[in-house]
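Below is structure_39.cif, holding mmCIF, C-alpha atoms.
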```cif
data_start
loop_
_atom_site.group_PDB
_atom_site.id
_atom_site.type_symbol
_atom_site.label_atom_id
_atom_site.label_comp_id
_atom_site.auth_asym_id
_atom_site.auth_seq_id
_atom_site.Cartn_x
_atom_site.Cartn_y
_atom_site.Cartn_z
ATOM 1 C CA LEU A 1 35.887 70.651 46.210
ATOM 2 C CA THR A 2 39.601 71.007 45.565
ATOM 3 C CA SER A 3 42.417 69.166 43.852
ATOM 4 C CA VAL A 4 43.636 68.074 47.307
ATOM 5 C CA GLY A 5 40.524 66.870 49.107
ATOM 6 C CA ILE A 6 36.947 67.820 50.018
ATOM 7 C CA TYR A 7 36.267 70.298 52.807
ATOM 8 C CA LYS A 8 33.146 71.072 54.861
ATOM 9 C CA HIS A 9 32.489 74.462 56.381
ATOM 10 C CA ASN A 10 32.435 74.578 60.180
ATOM 11 C CA PRO A 11 30.213 77.587 61.076
ATOM 12 C CA SER A 12 31.092 77.549 64.788
ATOM 13 C CA LYS A 13 34.801 78.023 64.063
ATOM 14 C CA ASP A 14 34.308 79.712 60.689
ATOM 15 C CA ASN A 15 36.819 77.416 59.047
ATOM 16 C CA PHE A 16 36.850 74.323 56.840
ATOM 17 C CA ASP A 17 37.327 70.740 57.996
ATOM 18 C CA VAL A 18 38.495 68.054 55.615
ATOM 19 C CA ILE A 19 36.089 65.130 55.102
ATOM 20 C CA LYS A 20 38.537 62.408 56.063
ATOM 21 C CA PHE A 21 37.215 59.553 53.930
ATOM 22 C CA PHE A 22 37.967 61.348 50.678
ATOM 23 C CA PRO A 23 41.720 61.075 50.029
ATOM 24 C CA GLU A 24 43.562 64.370 49.743
ATOM 25 C CA SER A 25 45.650 62.890 46.941
ATOM 26 C CA MET A 26 42.682 62.935 44.524
ATOM 27 C CA HIS A 27 41.475 65.761 42.297
ATOM 28 C CA TYR A 28 37.700 66.179 42.781
ATOM 29 C CA THR A 29 35.306 67.393 40.095
ATOM 30 C CA SER A 30 31.831 66.922 41.582
ATOM 31 C CA PHE A 31 30.030 66.231 44.845
ATOM 32 C CA LEU A 32 26.478 65.255 45.851
ATOM 33 C CA GLU A 33 24.682 64.458 49.082
ATOM 34 C CA ASP A 34 21.756 62.247 48.072
ATOM 35 C CA ASN A 35 18.271 61.987 49.627
ATOM 36 C CA GLU A 36 19.503 59.352 52.101
ATOM 37 C CA GLY A 37 22.410 61.447 53.372
ATOM 38 C CA ASN A 38 25.085 59.533 51.453
ATOM 39 C CA TYR A 39 28.087 61.408 50.054
ATOM 40 C CA TRP A 40 29.095 60.919 46.417
ATOM 41 C CA ALA A 41 32.263 62.403 44.975
ATOM 42 C CA GLY A 42 33.499 62.341 41.401
ATOM 43 C CA THR A 43 37.168 62.588 40.558
ATOM 44 C CA TYR A 44 39.272 63.710 37.634
ATOM 45 C CA ARG A 45 40.651 60.234 36.935
ATOM 46 C CA ASP A 46 40.134 58.003 39.999
ATOM 47 C CA GLY A 47 36.473 57.056 39.627
ATOM 48 C CA LEU A 48 33.413 57.571 41.820
ATOM 49 C CA LEU A 49 33.561 57.508 45.620
ATOM 50 C CA PHE A 50 30.713 56.669 48.024
ATOM 51 C CA TYR A 51 30.579 57.306 51.772
ATOM 52 C CA ASN A 52 27.791 56.893 54.323
ATOM 53 C CA PRO A 53 28.650 59.131 57.320
ATOM 54 C CA LYS A 54 26.298 57.208 59.645
ATOM 55 C CA SER A 55 27.325 53.616 58.910
ATOM 56 C CA LYS A 56 30.855 54.580 57.783
ATOM 57 C CA LYS A 57 30.367 52.354 54.711
ATOM 58 C CA LYS A 58 32.803 53.176 51.911
ATOM 59 C CA GLU A 59 32.949 52.222 48.249
ATOM 60 C CA ILE A 60 35.011 53.230 45.250
ATOM 61 C CA PHE A 61 33.668 52.539 41.755
ATOM 62 C CA THR A 62 36.285 52.428 39.014
ATOM 63 C CA TYR A 63 36.248 51.430 35.374
ATOM 64 C CA LYS A 64 37.168 47.824 34.625
ATOM 65 C CA TYR A 65 37.583 46.712 31.033
ATOM 66 C CA ASN A 66 35.879 43.330 31.503
ATOM 67 C CA SER A 67 33.025 44.567 33.738
ATOM 68 C CA ILE A 68 29.714 44.765 31.865
ATOM 69 C CA ASN A 69 27.842 46.389 34.756
ATOM 70 C CA GLY A 70 30.612 48.646 36.025
ATOM 71 C CA ILE A 71 31.004 52.375 35.609
ATOM 72 C CA SER A 72 31.965 53.419 32.079
ATOM 73 C CA ASN A 73 34.891 55.740 32.866
ATOM 74 C CA ASN A 74 37.047 57.024 35.739
ATOM 75 C CA SER A 75 36.759 60.701 34.747
ATOM 76 C CA ILE A 76 33.565 61.933 36.413
ATOM 77 C CA ASN A 77 32.114 65.232 35.172
ATOM 78 C CA SER A 78 28.933 65.492 37.236
ATOM 79 C CA ILE A 79 26.620 63.609 39.607
ATOM 80 C CA PHE A 80 22.868 64.230 39.565
ATOM 81 C CA GLN A 81 19.865 62.836 41.452
ATOM 82 C CA ASP A 82 16.516 63.308 39.743
ATOM 83 C CA SER A 83 13.029 63.709 41.246
ATOM 84 C CA LYS A 84 12.591 59.917 41.291
ATOM 85 C CA ASN A 85 15.820 59.619 43.297
ATOM 86 C CA ARG A 86 17.673 57.991 40.414
ATOM 87 C CA LEU A 87 21.401 58.672 40.472
ATOM 88 C CA TRP A 88 23.053 59.704 37.195
ATOM 89 C CA ILE A 89 26.793 60.006 36.625
ATOM 90 C CA ALA A 90 28.130 61.887 33.604
ATOM 91 C CA THR A 91 31.637 60.889 32.508
ATOM 92 C CA GLU A 92 34.142 61.440 29.728
ATOM 93 C CA ASN A 93 32.980 58.171 28.170
ATOM 94 C CA GLY A 94 29.295 57.586 28.801
ATOM 95 C CA LEU A 95 26.307 58.400 30.980
ATOM 96 C CA ASN A 96 25.671 56.002 33.881
ATOM 97 C CA LEU A 97 22.510 55.181 35.836
ATOM 98 C CA PHE A 98 23.290 53.678 39.233
ATOM 99 C CA ASP A 99 21.269 50.805 40.707
ATOM 100 C CA LYS A 100 21.301 51.144 44.501
ATOM 101 C CA LYS A 101 20.289 47.530 45.145
ATOM 102 C CA THR A 102 22.756 45.745 42.880
ATOM 103 C CA ARG A 103 25.438 48.496 43.050
ATOM 104 C CA THR A 104 25.773 48.293 39.262
ATOM 105 C CA PHE A 105 25.477 50.756 36.380
ATOM 106 C CA THR A 106 23.425 50.993 33.200
ATOM 107 C CA LYS A 107 25.387 52.762 30.482
ATOM 108 C CA TYR A 108 24.178 55.220 27.835
ATOM 109 C CA ASN A 109 26.304 56.328 24.892
ATOM 110 C CA ASN A 110 26.230 57.029 21.138
ATOM 111 C CA GLN A 111 25.318 53.404 20.479
ATOM 112 C CA LYS A 112 22.014 54.155 22.237
ATOM 113 C CA GLY A 113 21.285 57.276 20.205
ATOM 114 C CA PHE A 114 23.231 59.994 22.014
ATOM 115 C CA PRO A 115 25.313 62.335 19.825
ATOM 116 C CA SER A 116 28.487 61.872 21.863
ATOM 117 C CA ASN A 117 30.087 59.746 24.571
ATOM 118 C CA VAL A 118 31.305 62.846 26.437
ATOM 119 C CA PHE A 119 28.678 64.004 28.944
ATOM 120 C CA TYR A 120 29.039 67.157 31.044
ATOM 121 C CA SER A 121 26.052 68.365 33.113
ATOM 122 C CA ILE A 122 22.494 67.219 33.866
ATOM 123 C CA ILE A 123 19.377 69.220 34.763
ATOM 124 C CA GLU A 124 15.814 67.938 35.172
ATOM 125 C CA GLY A 125 13.090 69.702 33.206
ATOM 126 C CA ASP A 126 9.348 69.150 32.956
ATOM 127 C CA ASN A 127 7.725 65.698 32.905
ATOM 128 C CA ASN A 128 10.841 64.043 34.392
ATOM 129 C CA THR A 129 12.901 64.763 31.287
ATOM 130 C CA LEU A 130 16.632 65.287 31.647
ATOM 131 C CA TRP A 131 18.575 67.979 29.806
ATOM 132 C CA ILE A 132 22.129 66.806 29.284
ATOM 133 C CA THR A 133 25.052 68.725 27.813
ATOM 134 C CA THR A 134 27.561 66.877 25.653
ATOM 135 C CA SER A 135 30.484 67.630 23.353
ATOM 136 C CA LYS A 136 28.134 67.430 20.355
ATOM 137 C CA GLY A 137 24.957 69.176 21.400
ATOM 138 C CA LEU A 138 22.244 69.490 24.040
ATOM 139 C CA VAL A 139 20.110 66.400 24.661
ATOM 140 C CA GLN A 140 16.551 66.148 25.952
ATOM 141 C CA PHE A 141 16.262 62.635 27.367
ATOM 142 C CA ASN A 142 13.192 60.864 28.734
ATOM 143 C CA PRO A 143 14.469 57.891 30.809
ATOM 144 C CA ILE A 144 11.013 56.311 31.045
ATOM 145 C CA HIS A 145 10.444 56.065 27.292
ATOM 146 C CA ASN A 146 14.158 56.136 26.367
ATOM 147 C CA SER A 147 13.363 58.937 23.912
ATOM 148 C CA ILE A 148 16.125 61.301 22.818
ATOM 149 C CA LYS A 149 15.956 64.687 21.104
ATOM 150 C CA ILE A 150 19.183 66.403 20.107
ATOM 151 C CA TYR A 151 19.639 70.172 19.751
ATOM 152 C CA THR A 152 22.622 71.613 17.858
ATOM 153 C CA THR A 153 23.658 74.850 16.175
ATOM 154 C CA ALA A 154 21.047 74.034 13.528
ATOM 155 C CA ASN A 155 18.435 74.678 16.255
ATOM 156 C CA GLY A 156 20.025 77.946 17.359
ATOM 157 C CA LEU A 157 22.722 76.847 19.807
ATOM 158 C CA LEU A 158 25.809 79.051 19.944
ATOM 159 C CA SER A 159 28.004 75.944 19.873
ATOM 160 C CA ASP A 160 27.606 72.185 20.007
ATOM 161 C CA GLN A 161 30.478 71.984 22.502
ATOM 162 C CA PHE A 162 29.415 72.639 26.098
ATOM 163 C CA ASN A 163 31.508 73.421 29.187
ATOM 164 C CA TYR A 164 32.162 71.566 32.424
ATOM 165 C CA ASN A 165 29.937 72.393 35.425
ATOM 166 C CA SER A 166 28.009 74.981 33.419
ATOM 167 C CA ALA A 167 24.330 74.235 33.950
ATOM 168 C CA PHE A 168 21.757 75.781 36.274
ATOM 169 C CA LYS A 169 17.964 75.848 36.733
ATOM 170 C CA ASP A 170 16.319 78.699 38.645
ATOM 171 C CA THR A 171 13.096 78.686 40.667
ATOM 172 C CA ASN A 172 11.074 79.861 37.657
ATOM 173 C CA GLY A 173 12.147 76.874 35.571
ATOM 174 C CA GLU A 174 14.585 78.847 33.441
ATOM 175 C CA MET A 175 17.568 76.701 32.463
ATOM 176 C CA TYR A 176 21.041 78.021 31.687
ATOM 177 C CA PHE A 177 23.830 76.212 29.854
ATOM 178 C CA GLY A 178 27.338 77.440 29.142
ATOM 179 C CA ASN A 179 29.197 76.493 25.983
ATOM 180 C CA LEU A 180 32.351 77.529 24.163
ATOM 181 C CA ASN A 181 30.742 80.590 22.566
ATOM 182 C CA GLY A 182 28.677 81.887 25.456
ATOM 183 C CA MET A 183 25.550 80.941 27.373
ATOM 184 C CA ILE A 184 22.022 79.957 26.347
ATOM 185 C CA SER A 185 18.865 79.995 28.445
ATOM 186 C CA PHE A 186 15.276 78.889 27.943
ATOM 187 C CA ASN A 187 12.160 77.792 29.788
ATOM 188 C CA GLN A 188 10.778 74.447 28.659
ATOM 189 C CA LYS A 189 7.221 75.558 29.459
ATOM 190 C CA LYS A 190 7.489 78.301 26.838
ATOM 191 C CA PHE A 191 8.529 75.989 24.024
ATOM 192 C CA THR A 192 6.420 76.284 20.870
ATOM 193 C CA LYS A 193 6.332 73.668 18.168
ATOM 194 C CA ASN A 194 7.009 74.787 14.621
ATOM 195 C CA LYS A 195 3.954 73.632 12.671
ATOM 196 C CA TYR A 196 4.995 75.143 9.364
ATOM 197 C CA VAL A 197 5.153 72.582 6.558
ATOM 198 C CA PRO A 198 7.168 73.912 3.598
ATOM 199 C CA LYS A 199 6.067 73.269 0.040
ATOM 200 C CA ILE A 200 8.056 70.794 -2.029
ATOM 201 C CA PHE A 201 9.567 71.937 -5.328
ATOM 202 C CA ILE A 202 11.437 69.537 -7.612
ATOM 203 C CA THR A 203 14.259 71.482 -9.226
ATOM 204 C CA GLY A 204 16.172 68.629 -10.803
ATOM 205 C CA LEU A 205 16.254 64.884 -11.405
ATOM 206 C CA GLN A 206 19.228 62.528 -11.592
ATOM 207 C CA ILE A 207 19.399 58.867 -12.592
ATOM 208 C CA ASN A 208 22.700 57.087 -11.839
ATOM 209 C CA ASN A 209 24.222 60.490 -11.056
ATOM 210 C CA GLN A 210 23.278 61.779 -14.496
ATOM 211 C CA GLU A 211 21.069 64.828 -14.909
ATOM 212 C CA VAL A 212 17.797 64.004 -16.697
ATOM 213 C CA GLN A 213 16.009 66.625 -18.748
ATOM 214 C CA THR A 214 12.279 66.762 -18.116
ATOM 215 C CA ASN A 215 9.455 68.705 -19.678
#
```
In structure tokens, what does this structure look like?
Amino acid sequence: LTSVGIYKHNPSKDNFDVIKFFPESMHYTSFLEDNEGNYWAGTYRDGLLFYNPKSKKKEIFTYKYNSINGISNNSINSIFQDSKNRLWIATENGLNLFDKKTRTFTKYNNQKGFPSNVFYSIIEGDNNTLWITTSKGLVQFNPIHNSIKIYTTANGLLSDQFNYNSAFKDTNGEMYFGNLNGMISFNQKKFTKNKYVPKIFITGLQINNQEVQTN
């Protein structure tokens, strides 16, 4: 990926050949070859590009103000295909789930419970859950149940603001995420639930913002 095209390594010549469909005038931010051999490329401001090298079919998905089922933004931060072959696109203004049959998008944003509309990277954890970095925390998202859990500095994060293209999962299931103040890592299988229930102490009482003396 470069700011002037996408290149593929040619091992026989030990050089790089430009993939001709992707214009060299665009700045590219992400690339994915899906399970069907299709190429997907995200750009800095020109939308999402699709190319099938076998059929030569081409498509460009760009944001349109009056399109309900279109992509939510032209600035693509990452493209991810999960274990169920669903295609997710993280943008500067919303998370998008692509429908291969209708060629439309389902949008996710703060109106649907996410802490921010700025989405950076996506990794799949256990039980088909997605771990998504945003500008306001780390999100554990279950697409099947549409359940969302948000982690912030209150849960031990170094920062709520994450970085671009800074997420990785190793073969042992350890996940790594980079943010403005460093990097965090954890293994979802080793999570323990805090079962401590603190005692409740009443230290004061107010009625209509007035302190009430009690015996």
With distances taken over all atoms listed in the file, which residue among A:Asn172, A:Pro115, A:His9, A:Asn146 lies nearest Asp160 of chain A?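 Closest to Asp160 of chain A of all the choices is A:Pro115.
Near Val18 of chain A, within 8 Å and counting all atoms listed in the file, sit Gly5, Ile6, Tyr7 and Lys8 of chain A; same-chain residues fewer than 3 positions away were not included.
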Could those selected residues go to a file with C-alpha atoms, as a JSON list (two decimals), in the frame of the given file?
```
[["chain", "number", "residue", "atom", "x", "y", "z"],
["A", 5, "GLY", "CA", 40.52, 66.87, 49.11],
["A", 6, "ILE", "CA", 36.95, 67.82, 50.02],
["A", 7, "TYR", "CA", 36.27, 70.30, 52.81],
["A", 8, "LYS", "CA", 33.15, 71.07, 54.86]]
```
Fewer than 5 positions away in the same chain doesn't count, so skip those; otherwise give me all residues within 9 Å of Ser159 of chain A, counting all atoms listed in the file, as a PyMOL selection string. chain A and resi 136-137+152-153+179-182
Would you write out those residues with C-alpha atoms, as a PDB file, in the frame of the given file?
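Ended up saving to result.pdb:
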```pdb
ATOM      1  CA  LYS A 136      28.134  67.430  20.355  1.00  0.00           C
ATOM      2  CA  GLY A 137      24.957  69.176  21.400  1.00  0.00           C
ATOM      3  CA  THR A 152      22.622  71.613  17.858  1.00  0.00           C
ATOM      4  CA  THR A 153      23.658  74.850  16.175  1.00  0.00           C
ATOM      5  CA  ASN A 179      29.197  76.493  25.983  1.00  0.00           C
ATOM      6  CA  LEU A 180      32.351  77.529  24.163  1.00  0.00           C
ATOM      7  CA  ASN A 181      30.742  80.590  22.566  1.00  0.00           C
ATOM      8  CA  GLY A 182      28.677  81.887  25.456  1.00  0.00           C
TER       9      GLY A 182
END
```
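Selection check: the PyMOL selection byres ((chain A and resi 103) around 10) on the shown file gives Glu59, Phe61, Asn69, Gly70, Phe98, Asp99, Lys100, Lys101, Thr102, Thr104 and Phe105 of chain A.
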Quick one: everything within 6 Å of Ala90 of chain A, counting all atoms listed in the file, minus sequence neighbours fewer than 5 positions away in the same chain. Send it as a ChimeraX atom specification. /A:77-78,95,119-120
When distances are computed from all atoms listed in the file, which of A:Ser83, A:Asp34, A:Gln206, A:Lys64 shows the smallest separation from Phe50 of chain A?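 Of all the options, A:Asp34 lies closest to Phe50 of chain A.
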Atom CA of Leu48 of chain A to atom CA of Ser75 of chain A, distance in Å rounded to a single decimal: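 We find that atom CA of Leu48 of chain A and atom CA of Ser75 of chain A lie 8.4 Å from each other.
The nearest approach to Ser185 of chain A among the residues A:His145, A:Lys54, A:Leu138, A:Thr203, with all atoms listed in the file taken into account, belongs to A:Leu138.
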Check what the PyMOL selection byres ((chain A and resi 4) around 12) selects in the file above and give those residues as a PyMOL selection string. chain A and resi 1-3+5-7+18-20+22-29+43-44
Distance of atom CA of Gly113 of chain A from atom CA of Ser30 of chain A, expressed in Å to one decimal place: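 Result for atom CA of Ser30 of chain A versus atom CA of Gly113 of chain A: 25.7 Å, one decimal.
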Quick one: which residues end up in the PyMOL selection byres ((chain A and resi 131) around 10) for this structure, as a VMD selection string? chain A and resid 121 to 126 128 to 130 132 to 134 138 to 142 148 to 150 167 175 177
How many Å separate atom CA of Gly42 of chain A from atom CA of Asn74 of chain A?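 About the pair atom CA of Gly42 of chain A and atom CA of Asn74 of chain A: they are 8.5 Å apart.
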If I wrap all listed atoms of segment 99-108 of chain A in a box with edges along x, y and z and add 5 Å on each side, what are its centre and edge lengths in Å to one decimal, as JSON?
```
{"center_x": 23.0, "center_y": 50.5, "center_z": 36.5, "size_x": 15.5, "size_y": 19.5, "size_z": 27.3}
```
Quick one: segment 41-169 of chain A from the block, C-alpha atoms, as a PDB file, in the first residue's frame.
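Final output, saved to out13.pdb:
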```pdb
ATOM      1  CA  ALA A  41      -8.930  -1.452  -0.913  1.00  0.00           C
ATOM      2  CA  GLY A  42      -9.686   1.413   1.437  1.00  0.00           C
ATOM      3  CA  THR A  43      -8.584   4.944   0.692  1.00  0.00           C
ATOM      4  CA  TYR A  44      -7.807   8.077   2.645  1.00  0.00           C
ATOM      5  CA  ARG A  45     -10.726  10.039   1.193  1.00  0.00           C
ATOM      6  CA  ASP A  46     -11.968   8.329  -1.996  1.00  0.00           C
ATOM      7  CA  GLY A  47     -14.067   5.505  -0.562  1.00  0.00           C
ATOM      8  CA  LEU A  48     -13.885   1.720  -0.846  1.00  0.00           C
ATOM      9  CA  LEU A  49     -12.745  -0.061  -4.007  1.00  0.00           C
ATOM     10  CA  PHE A  50     -13.654  -3.603  -5.112  1.00  0.00           C
ATOM     11  CA  TYR A  51     -11.986  -5.685  -7.824  1.00  0.00           C
ATOM     12  CA  ASN A  52     -12.448  -9.303  -8.897  1.00  0.00           C
ATOM     13  CA  PRO A  53      -9.257 -10.357 -10.750  1.00  0.00           C
ATOM     14  CA  LYS A  54     -11.013 -13.301 -12.448  1.00  0.00           C
ATOM     15  CA  SER A  55     -14.156 -11.607 -13.772  1.00  0.00           C
ATOM     16  CA  LYS A  56     -12.536  -8.142 -13.931  1.00  0.00           C
ATOM     17  CA  LYS A  57     -15.624  -6.734 -12.167  1.00  0.00           C
ATOM     18  CA  LYS A  58     -14.978  -3.342 -10.577  1.00  0.00           C
ATOM     19  CA  GLU A  59     -16.902  -1.254  -8.072  1.00  0.00           C
ATOM     20  CA  ILE A  60     -16.264   1.896  -6.088  1.00  0.00           C
ATOM     21  CA  PHE A  61     -18.361   2.595  -2.988  1.00  0.00           C
ATOM     22  CA  THR A  62     -18.483   6.227  -1.907  1.00  0.00           C
ATOM     23  CA  TYR A  63     -20.496   8.154   0.638  1.00  0.00           C
ATOM     24  CA  LYS A  64     -23.688   9.765  -0.637  1.00  0.00           C
ATOM     25  CA  TYR A  65     -25.651  12.069   1.634  1.00  0.00           C
ATOM     26  CA  ASN A  66     -29.084  10.795   0.561  1.00  0.00           C
ATOM     27  CA  SER A  67     -28.175   7.075   0.456  1.00  0.00           C
ATOM     28  CA  ILE A  68     -29.589   5.164   3.433  1.00  0.00           C
ATOM     29  CA  ASN A  69     -27.829   1.907   2.548  1.00  0.00           C
ATOM     30  CA  GLY A  70     -24.552   3.354   1.304  1.00  0.00           C
ATOM     31  CA  ILE A  71     -21.196   3.436   3.025  1.00  0.00           C
ATOM     32  CA  SER A  72     -21.028   5.908   5.912  1.00  0.00           C
ATOM     33  CA  ASN A  73     -17.791   7.724   5.020  1.00  0.00           C
ATOM     34  CA  ASN A  74     -15.096   7.959   2.330  1.00  0.00           C
ATOM     35  CA  SER A  75     -12.172   7.758   4.779  1.00  0.00           C
ATOM     36  CA  ILE A  76     -11.545   4.035   5.274  1.00  0.00           C
ATOM     37  CA  ASN A  77      -9.397   3.011   8.252  1.00  0.00           C
ATOM     38  CA  SER A  78      -9.521  -0.780   8.015  1.00  0.00           C
ATOM     39  CA  ILE A  79     -11.216  -3.719   6.281  1.00  0.00           C
ATOM     40  CA  PHE A  80     -11.831  -6.982   8.136  1.00  0.00           C
ATOM     41  CA  GLN A  81     -13.444 -10.327   7.283  1.00  0.00           C
ATOM     42  CA  ASP A  82     -14.573 -12.387  10.257  1.00  0.00           C
ATOM     43  CA  SER A  83     -14.836 -16.173  10.661  1.00  0.00           C
ATOM     44  CA  LYS A  84     -18.375 -16.101   9.233  1.00  0.00           C
ATOM     45  CA  ASN A  85     -17.037 -14.315   6.141  1.00  0.00           C
ATOM     46  CA  ARG A  86     -18.804 -11.076   7.025  1.00  0.00           C
ATOM     47  CA  LEU A  87     -17.019  -8.004   5.708  1.00  0.00           C
ATOM     48  CA  TRP A  88     -16.570  -5.068   8.097  1.00  0.00           C
ATOM     49  CA  ILE A  89     -15.314  -1.622   7.125  1.00  0.00           C
ATOM     50  CA  ALA A  90     -14.120   0.811   9.792  1.00  0.00           C
ATOM     51  CA  THR A  91     -14.266   4.484   8.802  1.00  0.00           C
ATOM     52  CA  GLU A  92     -13.837   7.959  10.236  1.00  0.00           C
ATOM     53  CA  ASN A  93     -17.614   8.156  10.624  1.00  0.00           C
ATOM     54  CA  GLY A  94     -19.091   4.761  11.406  1.00  0.00           C
ATOM     55  CA  LEU A  95     -18.622   1.008  11.226  1.00  0.00           C
ATOM     56  CA  ASN A  96     -20.101  -0.701   8.151  1.00  0.00           C
ATOM     57  CA  LEU A  97     -21.227  -4.286   7.546  1.00  0.00           C
ATOM     58  CA  PHE A  98     -21.311  -5.145   3.850  1.00  0.00           C
ATOM     59  CA  ASP A  99     -24.079  -7.259   2.308  1.00  0.00           C
ATOM     60  CA  LYS A 100     -22.615  -9.187  -0.633  1.00  0.00           C
ATOM     61  CA  LYS A 101     -25.990  -9.928  -2.232  1.00  0.00           C
ATOM     62  CA  THR A 102     -27.522  -6.456  -2.169  1.00  0.00           C
ATOM     63  CA  ARG A 103     -24.160  -4.591  -2.283  1.00  0.00           C
ATOM     64  CA  THR A 104     -25.388  -2.370   0.557  1.00  0.00           C
ATOM     65  CA  PHE A 105     -24.132  -1.476   4.034  1.00  0.00           C
ATOM     66  CA  THR A 106     -25.518  -1.656   7.558  1.00  0.00           C
ATOM     67  CA  LYS A 107     -24.139   1.172   9.672  1.00  0.00           C
ATOM     68  CA  TYR A 108     -23.100   1.168  13.338  1.00  0.00           C
ATOM     69  CA  ASN A 109     -22.335   4.331  15.292  1.00  0.00           C
ATOM     70  CA  ASN A 110     -22.864   6.073  18.650  1.00  0.00           C
ATOM     71  CA  GLN A 111     -26.613   6.076  18.058  1.00  0.00           C
ATOM     72  CA  LYS A 112     -26.426   2.272  18.325  1.00  0.00           C
ATOM     73  CA  GLY A 113     -24.454   2.286  21.568  1.00  0.00           C
ATOM     74  CA  PHE A 114     -20.854   2.700  20.421  1.00  0.00           C
ATOM     75  CA  PRO A 115     -18.763   5.293  22.296  1.00  0.00           C
ATOM     76  CA  SER A 116     -17.580   7.036  19.132  1.00  0.00           C
ATOM     77  CA  ASN A 117     -18.181   7.303  15.393  1.00  0.00           C
ATOM     78  CA  VAL A 118     -14.444   7.018  14.663  1.00  0.00           C
ATOM     79  CA  PHE A 119     -13.454   3.366  14.211  1.00  0.00           C
ATOM     80  CA  TYR A 120      -9.865   2.225  13.670  1.00  0.00           C
ATOM     81  CA  SER A 121      -9.073  -1.521  13.743  1.00  0.00           C
ATOM     82  CA  ILE A 122     -10.979  -4.800  14.142  1.00  0.00           C
ATOM     83  CA  ILE A 123      -9.868  -8.164  15.545  1.00  0.00           C
ATOM     84  CA  GLU A 124     -12.002 -11.257  16.168  1.00  0.00           C
ATOM     85  CA  GLY A 125     -11.851 -12.812  19.624  1.00  0.00           C
ATOM     86  CA  ASP A 126     -13.583 -15.816  21.157  1.00  0.00           C
ATOM     87  CA  ASN A 127     -17.212 -16.749  20.443  1.00  0.00           C
ATOM     88  CA  ASN A 128     -17.288 -14.631  17.254  1.00  0.00           C
ATOM     89  CA  THR A 129     -16.942 -11.394  19.206  1.00  0.00           C
ATOM     90  CA  LEU A 130     -15.207  -8.452  17.577  1.00  0.00           C
ATOM     91  CA  TRP A 131     -12.737  -6.196  19.373  1.00  0.00           C
ATOM     92  CA  ILE A 132     -12.852  -2.750  17.828  1.00  0.00           C
ATOM     93  CA  THR A 133     -10.664   0.251  18.596  1.00  0.00           C
ATOM     94  CA  THR A 134     -12.208   3.714  18.530  1.00  0.00           C
ATOM     95  CA  SER A 135     -11.321   7.278  19.484  1.00  0.00           C
ATOM     96  CA  LYS A 136     -13.137   6.805  22.806  1.00  0.00           C
ATOM     97  CA  GLY A 137     -12.230   3.347  24.009  1.00  0.00           C
ATOM     98  CA  LEU A 138     -11.986  -0.341  23.135  1.00  0.00           C
ATOM     99  CA  VAL A 139     -15.244  -2.096  22.239  1.00  0.00           C
ATOM    100  CA  GLN A 140     -16.181  -5.757  22.575  1.00  0.00           C
ATOM    101  CA  PHE A 141     -19.009  -6.281  20.092  1.00  0.00           C
ATOM    102  CA  ASN A 142     -21.141  -9.375  19.532  1.00  0.00           C
ATOM    103  CA  PRO A 143     -22.796  -8.961  16.087  1.00  0.00           C
ATOM    104  CA  ILE A 144     -25.218 -11.837  16.681  1.00  0.00           C
ATOM    105  CA  HIS A 145     -26.753 -10.402  19.851  1.00  0.00           C
ATOM    106  CA  ASN A 146     -25.820  -6.770  19.081  1.00  0.00           C
ATOM    107  CA  SER A 147     -24.285  -6.560  22.560  1.00  0.00           C
ATOM    108  CA  ILE A 148     -21.632  -3.940  23.275  1.00  0.00           C
ATOM    109  CA  LYS A 149     -19.151  -3.641  26.137  1.00  0.00           C
ATOM    110  CA  ILE A 150     -16.908  -0.593  26.310  1.00  0.00           C
ATOM    111  CA  TYR A 151     -13.477  -0.491  27.972  1.00  0.00           C
ATOM    112  CA  THR A 152     -11.829   2.834  28.858  1.00  0.00           C
ATOM    113  CA  THR A 153      -9.100   4.167  31.131  1.00  0.00           C
ATOM    114  CA  ALA A 154     -11.447   3.370  34.021  1.00  0.00           C
ATOM    115  CA  ASN A 155     -10.848  -0.317  33.171  1.00  0.00           C
ATOM    116  CA  GLY A 156      -7.076   0.080  32.972  1.00  0.00           C
ATOM    117  CA  LEU A 157      -6.490   1.288  29.412  1.00  0.00           C
ATOM    118  CA  LEU A 158      -3.506   3.584  28.930  1.00  0.00           C
ATOM    119  CA  SER A 159      -5.650   5.882  26.783  1.00  0.00           C
ATOM    120  CA  ASP A 160      -9.120   5.939  25.280  1.00  0.00           C
ATOM    121  CA  GLN A 161      -7.657   7.162  21.982  1.00  0.00           C
ATOM    122  CA  PHE A 162      -6.305   4.360  19.788  1.00  0.00           C
ATOM    123  CA  ASN A 163      -4.017   4.494  16.743  1.00  0.00           C
ATOM    124  CA  TYR A 164      -4.505   3.652  13.082  1.00  0.00           C
ATOM    125  CA  ASN A 165      -3.539   0.135  11.926  1.00  0.00           C
ATOM    126  CA  SER A 166      -2.411  -0.823  15.426  1.00  0.00           C
ATOM    127  CA  ALA A 167      -4.062  -4.143  16.220  1.00  0.00           C
ATOM    128  CA  PHE A 168      -2.760  -7.705  16.055  1.00  0.00           C
ATOM    129  CA  LYS A 169      -3.734 -11.187  17.291  1.00  0.00           C
TER     130      LYS A 169
END
```
